[in-house]
Each structure stands twice: as C-alpha cells, then as structure tokens.
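Student: Before I ask anything, let me first share the structure, which is written out below as structure tokens.
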Amino acid sequence: MPAYHSSFNDRKGHKVLGGIALLPLHARFSKGPAPRPLPDDGEMDVIDETLKFFKANVFFSSFEMKGDADRLLVYLTLYAHQCVIRMSKCNSKDSVQSAFYQLAIENFSLPTDSSFPLSAFYSKLATKRDQDELRAYVLQARQELGSRLAEICIDQSTGKPSKWWTCFSKRKFLGKALEGPGSR
C-alpha cells in the first residue's frame, strides 16, 4: 500500500521555492506571508492534509515524491512528529500550546539546508531573499500546524494529551526525525 500524497500536487499557479510549493493556508492561528485561499474555498489546506494523513504516513519507510506539494507534506509530517515528541512530555493543554509555540519559533533548519535530514529531496535556494521568504512561510506553517494539532490532540475528558497521539512519538516517519533522542 503506498503512502498518502498531497492532493495539491496536481494544482498549478503556486510559487515554488527550493522544490517546496508555497500553498495557501487557512490561517486561523498565525499571521505571515502564506497566500490566502479564496473566501468560498471551504476545502482542506495542506495543514489539514498533514494532520489527516499523519497517523497513516508515519508507518511508511519510503515515500515517492510526486510533486512540490509532497515535499511540503513531508516537511510538515516531520514537524508534526517533532510536536508529538514534545507533547508526550506535557501534562495539560496550556503546556502543550506553550511547547508547540516555543518549538515553532525556535531556530530551525530549512529543508533546503544541508543539515536537514532529507535535504537531498530539496533544491538549493539561489538568493538570500528566497531563503528569507521560505523561512517566513515555513515559520507560519509551523505555527499553524502546532496550533491546530494542540486543538485536536487534547483529550477533552481529562485535559491531557491523548494517548492515541502520544503513542506516535516513538515512531519515525521515513526513519528520520527533526529532533534527536537527547533533545529537551
């Protein structure tokens, strides 16, 4: 059975930097340079797709890139895994939200950097301006994903992180993780 791919691979007209599609985000919790979808566009964005496919995609040890949107999906899935690792150390909704915010704004490697675990899938950026634009977009996507994940991963009856999400902290997507075992 193949991994789940992004439905945005077939769409044209979005900007691409370093092989990553800068897709529109339904920004509910963050502000930034990400394009906004049309007001009547009620469909999922790439953040919703990442959260929907996370639990299934994490079990795959290989992933065929079918487009620029898949590269963004892979990055966001790795980031969601990093969030789940941090969430497993929290014991309340407030601490989860705080941990996710701190994780989103801390210094991070762009997927196009040589220090990124899957940098071979991404192309180098030509200018500093492109790097800054991609960093701003990725920062907004990280904040948005963390905020939405915090909303859905908290068990409503106990107010603590759901064991059905924290159990994925030990499972690595493509055998890689953005955070090492000794990190925080």
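Note on naming: chains are A, B, ... as they come in the structure tokens, residues start from 1 per chain, ligands start from 1 in the order shown.
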Residues of region 14-169 of chain A in alpha helix (DSSP H) according to DSSP, as a VMD selection string?
Tutor: chain A and resid 46 to 57 68 to 87 93 to 105 128 to 152 163 to 166
Student: Under the rule of at most 12 Å, produce a per-residue listing of region 4-38 of chain A near region 92-110 of chain A: chain, number, name, the closest pair of atoms, and the distance in Å, as a Markdown table, using only C-alpha atoms.
Tutor:
| residue | atom | partner | partner_atom | distance |
| --- | --- | --- | --- | --- |
| A:Leu17 | CA | A:Leu110 | CA | 11.2 |
| A:Gly18 | CA | A:Leu110 | CA | 9.7 |
| A:Gly19 | CA | A:Leu110 | CA | 11.8 |
| A:Ile20 | CA | A:Leu110 | CA | 10.7 |
| A:Phe29 | CA | A:Tyr101 | CA | 10.8 |
| A:Ser30 | CA | A:Tyr101 | CA | 10.6 |
Student: Take the residues from that selection and put them in a file with all heavy atoms, as a PDB file, in the first residue's frame.
Tutor:
ATOM      1  N   LEU A  17       9.650  27.389  -4.106  1.00  0.00           N
ATOM      2  CA  LEU A  17      10.998  27.768  -3.666  1.00  0.00           C
ATOM      3  C   LEU A  17      11.709  26.522  -3.150  1.00  0.00           C
ATOM      4  O   LEU A  17      11.208  25.852  -2.243  1.00  0.00           O
ATOM      5  CB  LEU A  17      10.949  28.806  -2.552  1.00  0.00           C
ATOM      6  CG  LEU A  17      10.530  30.219  -2.922  1.00  0.00           C
ATOM      7  CD1 LEU A  17      10.423  31.084  -1.675  1.00  0.00           C
ATOM      8  CD2 LEU A  17      11.518  30.827  -3.889  1.00  0.00           C
ATOM      9  N   GLY A  18      12.845  26.192  -3.730  1.00  0.00           N
ATOM     10  CA  GLY A  18      13.618  25.038  -3.271  1.00  0.00           C
ATOM     11  C   GLY A  18      12.897  23.722  -3.454  1.00  0.00           C
ATOM     12  O   GLY A  18      13.169  22.756  -2.750  1.00  0.00           O
ATOM     13  N   GLY A  19      11.962  23.678  -4.376  1.00  0.00           N
ATOM     14  CA  GLY A  19      11.186  22.463  -4.597  1.00  0.00           C
ATOM     15  C   GLY A  19       9.978  22.343  -3.687  1.00  0.00           C
ATOM     16  O   GLY A  19       9.276  21.336  -3.697  1.00  0.00           O
ATOM     17  N   ILE A  20       9.708  23.374  -2.884  1.00  0.00           N
ATOM     18  CA  ILE A  20       8.575  23.371  -1.954  1.00  0.00           C
ATOM     19  C   ILE A  20       7.508  24.314  -2.477  1.00  0.00           C
ATOM     20  O   ILE A  20       7.778  25.483  -2.745  1.00  0.00           O
ATOM     21  CB  ILE A  20       9.008  23.819  -0.550  1.00  0.00           C
ATOM     22  CG1 ILE A  20      10.055  22.860   0.002  1.00  0.00           C
ATOM     23  CG2 ILE A  20       7.825  23.919   0.385  1.00  0.00           C
ATOM     24  CD1 ILE A  20      10.654  23.317   1.294  1.00  0.00           C
ATOM     25  N   PHE A  29      -4.680  30.667  13.268  1.00  0.00           N
ATOM     26  CA  PHE A  29      -3.917  30.912  14.487  1.00  0.00           C
ATOM     27  C   PHE A  29      -2.608  31.648  14.241  1.00  0.00           C
ATOM     28  O   PHE A  29      -1.850  31.853  15.169  1.00  0.00           O
ATOM     29  CB  PHE A  29      -3.603  29.580  15.177  1.00  0.00           C
ATOM     30  CG  PHE A  29      -4.813  28.773  15.530  1.00  0.00           C
ATOM     31  CD1 PHE A  29      -5.184  27.682  14.769  1.00  0.00           C
ATOM     32  CD2 PHE A  29      -5.598  29.111  16.617  1.00  0.00           C
ATOM     33  CE1 PHE A  29      -6.293  26.935  15.099  1.00  0.00           C
ATOM     34  CE2 PHE A  29      -6.710  28.375  16.954  1.00  0.00           C
ATOM     35  CZ  PHE A  29      -7.062  27.280  16.196  1.00  0.00           C
ATOM     36  N   SER A  30      -2.303  31.998  13.000  1.00  0.00           N
ATOM     37  CA  SER A  30      -0.998  32.598  12.712  1.00  0.00           C
ATOM     38  C   SER A  30      -1.128  33.685  11.655  1.00  0.00           C
ATOM     39  O   SER A  30      -2.098  33.729  10.907  1.00  0.00           O
ATOM     40  CB  SER A  30      -0.033  31.522  12.209  1.00  0.00           C
ATOM     41  OG  SER A  30      -0.498  30.989  10.990  1.00  0.00           O
TER      42      SER A  30
END
Student: Please identify which residues in chain A DSSP calls strand (DSSP E) from the backbone, and express them as a VMD selection string.
Tutor: chain A and resid 15 to 17 20 to 22
Student: Keeping N, CA and C atoms, export the residues of the selection given above as a short mmCIF file (atom, residue, chain, number, x, y, z; two decimals), in the first residue's frame.
Tutor:
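Output (again_30.cif):
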data_model
loop_
_atom_site.label_atom_id
_atom_site.label_comp_id
_atom_site.auth_asym_id
_atom_site.auth_seq_id
_atom_site.Cartn_x
_atom_site.Cartn_y
_atom_site.Cartn_z
N LYS A 15 3.60 29.48 -6.11
CA LYS A 15 5.03 29.74 -6.14
C LYS A 15 5.78 28.54 -5.56
N VAL A 16 6.96 28.27 -6.11
CA VAL A 16 7.79 27.16 -5.65
C VAL A 16 9.18 27.70 -5.31
N LEU A 17 9.65 27.39 -4.11
CA LEU A 17 11.00 27.77 -3.67
C LEU A 17 11.71 26.52 -3.15
N ILE A 20 9.71 23.37 -2.88
CA ILE A 20 8.58 23.37 -1.95
C ILE A 20 7.51 24.31 -2.48
N ALA A 21 6.29 23.80 -2.60
CA ALA A 21 5.18 24.63 -3.04
C ALA A 21 4.72 25.52 -1.89
N LEU A 22 4.60 26.81 -2.15
CA LEU A 22 4.07 27.74 -1.15
C LEU A 22 2.56 27.81 -1.34
#
Student: What does the structure give for the distance between CA of Ser62 (chain A) and CA of Ser162 (chain A), in Å to one decimal?
Tutor: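 Straight-line distance from CA of Ser62 (chain A) to CA of Ser162 (chain A) works out to 27.1 Å.
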Student: Env of Arg71 (chain A): 12 Å cut, atoms = only C-alpha atoms, seq-sep filter 5 positions within chain, self excluded. Answer as a list in words.
Tutor: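 Once the nearby chain positions are removed, what remains is His5, Ser6, Phe8, Asn9, Val16, Leu17, Gly18, Gly19, Ile20, Ala21, Leu22, Leu23, Val46, Thr50, Phe63, Glu64, Met65, Lys66, Leu76, Thr77, Leu78, Pro111, Thr112, Leu118, Ser119, Ala120, Phe121, Tyr122 and Ser123 of chain A.
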Student: Under the rule that only C-alpha atoms are counted, which of A:Ser114, A:Thr127, A:Ser147, A:Ser61 is the nearest residue to Arg171 (chain A)?
Tutor: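 Of A:Ser114, A:Thr127, A:Ser147, A:Ser61, the one nearest Arg171 (chain A), counting only C-alpha atoms, is A:Ser61.
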Student: Grab the CA of Pro35 (chain A) to CA of Leu125 (chain A) distance for me, in Å with one decimal place.
Tutor: 20.0 Å
Student: Taking only C-alpha atoms into account, name the residue in A:Glu144, A:Asp130, A:Asp10, A:Asp155 that is nearest to Leu51 (chain A).
Tutor: A:Glu144
Student: Pick out the closest residue to Trp164 (chain A) from this set: A:Arg36, A:Arg28, A:Arg142, A:Lys55. Count only C-alpha atoms.
Tutor: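 Checking each candidate against Trp164 (chain A), we get A:Lys55 as the closest.
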Student: Return the single residue from A:Thr158, A:Ser169, A:Leu73, A:Gly13 that is closest to Lys52 (chain A), with distances computed using only C-alpha atoms.
Tutor: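 Checking each of A:Thr158, A:Ser169, A:Leu73, A:Gly13 against Lys52 (chain A), counting only C-alpha atoms, the winner is A:Leu73.
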